[in-house]
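Undergrad: Dropping the structure in here first, questions after.
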Amino acid sequence: GTLSVSRSSRLPPTLRARARAQRLIAMTDYERVPVYKARRPGSSSEAAAWRKYTHPLIFRHKGTPTHVEFSPVAPHDFCVASSLQVDIFSSRSNAVYRTLTRFKDTVCCTAYRHDGKMLAASDERGVTQLFDLGSRAVMRTMRGHTKAVRAVRFSPDGGRLYTGSDDMLVSCWDVAAEETVRTFEGHTDVVRCLRVSGAAGEHTGAHRLVLSGSYDHTVQLWDVSAPRPVMTVRMGEPVEDCVLLAGGGVVAGASGN
């Protein structure tokens with residue numbers, strides 16, 4: 001066997017002491033880094049707005065949350081879809097005050113009607129149910145997709161419902177008749193997001209445009225009276241979300257990084 005001895009251990013004591021002194025002298029070349037205290041927020045309107053926020057609240061669910069949606073009506077309660085249920089939270093107390101459980105598979109997506117009184121919720125089976133939030137009763141059940149429905153949107157007046165599915169289709173439903181009005185075909189991969197033009201309170205004919213985003217890397221713009229897209233935007237990456245700004249003149253999509 002061999003024994004390894006460091007070079008410094010073979011030095012005489014006086015030389016070792018001198019080497020340590022030289023190292024200490026070398027260390028004196030470092031300068032103290034100044035530490036500044038953080039400035040207190042100013043009196044600007046932005047700083048005042050941030051001071052109103054409190055520490056985040058943490059809610060535990062039975063499964064992984066799949067969707068969060070805020071009510072369009074004050075005080076803007078919100079719902080969280082997870083596992084086989086949808087929990088509805090009060091924005092004032094931050095507590096669950098209603099739970100919807102009439103699902104046979106994982107809930108994928110939810111959407112409030114413009115008046116906040118009805119909620120659409122879709123699941124992995126491809127079924128979309130419409131709930132009366134006052135009684136929790138299932139008012140309508142839309143069946144037609146063969147795979148999970150990942151996106152749900154009401155028309156501005158609530159008379160139509162649009163659904164986007166893993167079967168690559170976008171469907172338009174007549175809520176009262178509980179049947180499909182039109183099916184939009186054009187995507188070549190799962191549809192992940194939907195937007196509908198128009199403002200709440202407009203008549204049925206006012207919403208003319210529907211925007212859909214897909215994992216086929218495209219955002220497609222549809223006229224509700226035509227079965228084919230009127231415009232296709234290629235994003236280069238799978239599309240996770242899209243936005244149709246007021247007036248329908250500007251489209252935004254989120255994909256990749």
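Residue numbering restarts at 1 in every chain; chains get A, B, ... in the order shown in the structure tokens, and ligands count up from 1 in that same order.
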Got a sec: who's within 9 Å of Cys242 of chain A, counting only C-alpha atoms, leaving out chain neighbours fewer than 6 positions off, as a ChimeraX atom specification?
TA: /A:193-195,211-213,219,251-255
Undergrad: Mind checking which residues fall within 12 Å of Pro75 of chain A, counting only C-alpha atoms, ignoring those fewer than 3 positions away in the same chain, and posting them as a list in words?
TA: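 Residues near the query, excluding close chain neighbours: Phe70, Ser71, Pro72, Phe78, Phe89, Ser90, Ser91, Arg92, Ser93, Asn94 and Gly116 of chain A.
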Undergrad: Just N, CA, C and O atoms for this one: save the residues we selected as a compact mmCIF listing (two decimals), in the first residue's frame.
TA:
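And here is the file that came out, selection.txt:
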# COMPACT_ATOMS: atom_id res chain seq x y z
N PHE A 70 -63.88 32.23 -12.77
CA PHE A 70 -64.53 33.26 -11.96
C PHE A 70 -65.89 33.61 -12.55
O PHE A 70 -66.06 33.68 -13.77
N SER A 71 -66.85 33.86 -11.67
CA SER A 71 -68.17 34.30 -12.11
C SER A 71 -68.07 35.72 -12.68
O SER A 71 -67.37 36.56 -12.12
N PRO A 72 -68.79 36.01 -13.76
CA PRO A 72 -68.75 37.36 -14.33
C PRO A 72 -69.58 38.37 -13.54
O PRO A 72 -69.56 39.56 -13.85
N PHE A 78 -65.84 32.04 -7.37
CA PHE A 78 -65.08 31.25 -8.32
C PHE A 78 -65.27 29.76 -8.05
O PHE A 78 -65.60 29.35 -6.93
N PHE A 89 -66.52 28.56 -4.53
CA PHE A 89 -66.02 29.33 -3.39
C PHE A 89 -66.65 30.72 -3.36
O PHE A 89 -66.89 31.33 -4.40
N SER A 90 -66.86 31.21 -2.16
CA SER A 90 -67.28 32.59 -1.97
C SER A 90 -66.04 33.47 -2.00
O SER A 90 -65.05 33.19 -1.31
N SER A 91 -66.07 34.53 -2.79
CA SER A 91 -64.93 35.44 -2.85
C SER A 91 -64.82 36.30 -1.60
O SER A 91 -63.78 36.92 -1.37
N ARG A 92 -65.86 36.33 -0.80
CA ARG A 92 -65.84 37.12 0.43
C ARG A 92 -65.29 36.32 1.61
O ARG A 92 -64.48 36.82 2.38
N SER A 93 -65.74 35.07 1.75
CA SER A 93 -65.30 34.26 2.88
C SER A 93 -64.18 33.29 2.50
O SER A 93 -63.56 32.68 3.37
N ASN A 94 -63.93 33.14 1.19
CA ASN A 94 -62.92 32.19 0.69
C ASN A 94 -63.21 30.76 1.15
O ASN A 94 -62.29 29.97 1.36
N GLY A 116 -74.27 34.50 -14.39
CA GLY A 116 -73.72 33.82 -13.23
C GLY A 116 -74.65 32.82 -12.58
O GLY A 116 -74.32 32.26 -11.53
Undergrad: Point out the residue among A:Glu179, A:Asp115, A:Asp166, A:Asp123 with the least atom-to-atom distance to Val86 of chain A, counting only C-alpha atoms.
TA: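 Using only C-alpha atoms, Val86 of chain A sits closest to A:Asp123.
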Undergrad: Find the residue from A:Ala17, A:Val152, A:Leu221, A:Val138 that sits nearest to Ser122 of chain A; use only C-alpha atoms when measuring.
TA: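 With only C-alpha atoms as the atom set, the closest residue is A:Val152.
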Undergrad: List as a tab-separated table (two decimals) with N, CA and C atoms, in the first residue's frame the protein and nucleic acid residues near Ala81 of chain A, meaning an atom at most 8 Å away when only C-alpha atoms are counted, but skip any in the same chain fewer than 6 places from it.
TA:
chain	number	residue	atom	x	y	z
A	65	PRO	N	-56.40	19.94	-9.28
A	65	PRO	CA	-57.31	20.90	-9.92
A	65	PRO	C	-57.06	20.97	-11.43
A	66	THR	N	-58.14	20.93	-12.20
A	66	THR	CA	-58.02	20.94	-13.65
A	66	THR	C	-58.49	22.26	-14.26
A	67	HIS	N	-59.26	23.05	-13.51
A	67	HIS	CA	-59.75	24.31	-14.07
A	67	HIS	C	-60.23	25.23	-12.95
A	68	VAL	N	-60.02	26.53	-13.16
A	68	VAL	CA	-60.53	27.56	-12.25
A	68	VAL	C	-61.26	28.60	-13.08
A	87	ASP	N	-66.06	22.56	-6.89
A	87	ASP	CA	-66.29	23.31	-5.65
A	87	ASP	C	-66.45	24.78	-5.99
A	107	VAL	N	-63.60	15.95	-14.09
A	107	VAL	CA	-64.08	17.20	-14.67
A	107	VAL	C	-62.90	17.93	-15.33
A	108	CYS	N	-63.09	18.36	-16.57
A	108	CYS	CA	-62.02	19.00	-17.32
A	108	CYS	C	-62.11	20.52	-17.33
A	109	CYS	N	-63.33	21.04	-17.49
A	109	CYS	CA	-63.47	22.47	-17.73
A	109	CYS	C	-64.83	22.95	-17.26
A	110	THR	N	-64.91	24.25	-16.92
A	110	THR	CA	-66.17	24.87	-16.51
A	110	THR	C	-66.31	26.24	-17.17
Undergrad: Which residue out of A:Lys117, A:His217, A:Arg192, A:His55 has the minimum interatomic distance to Arg150 of chain A when only C-alpha atoms are used?
TA: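 Once distances to Arg150 of chain A are computed over only C-alpha atoms, the minimum belongs to A:Arg192.
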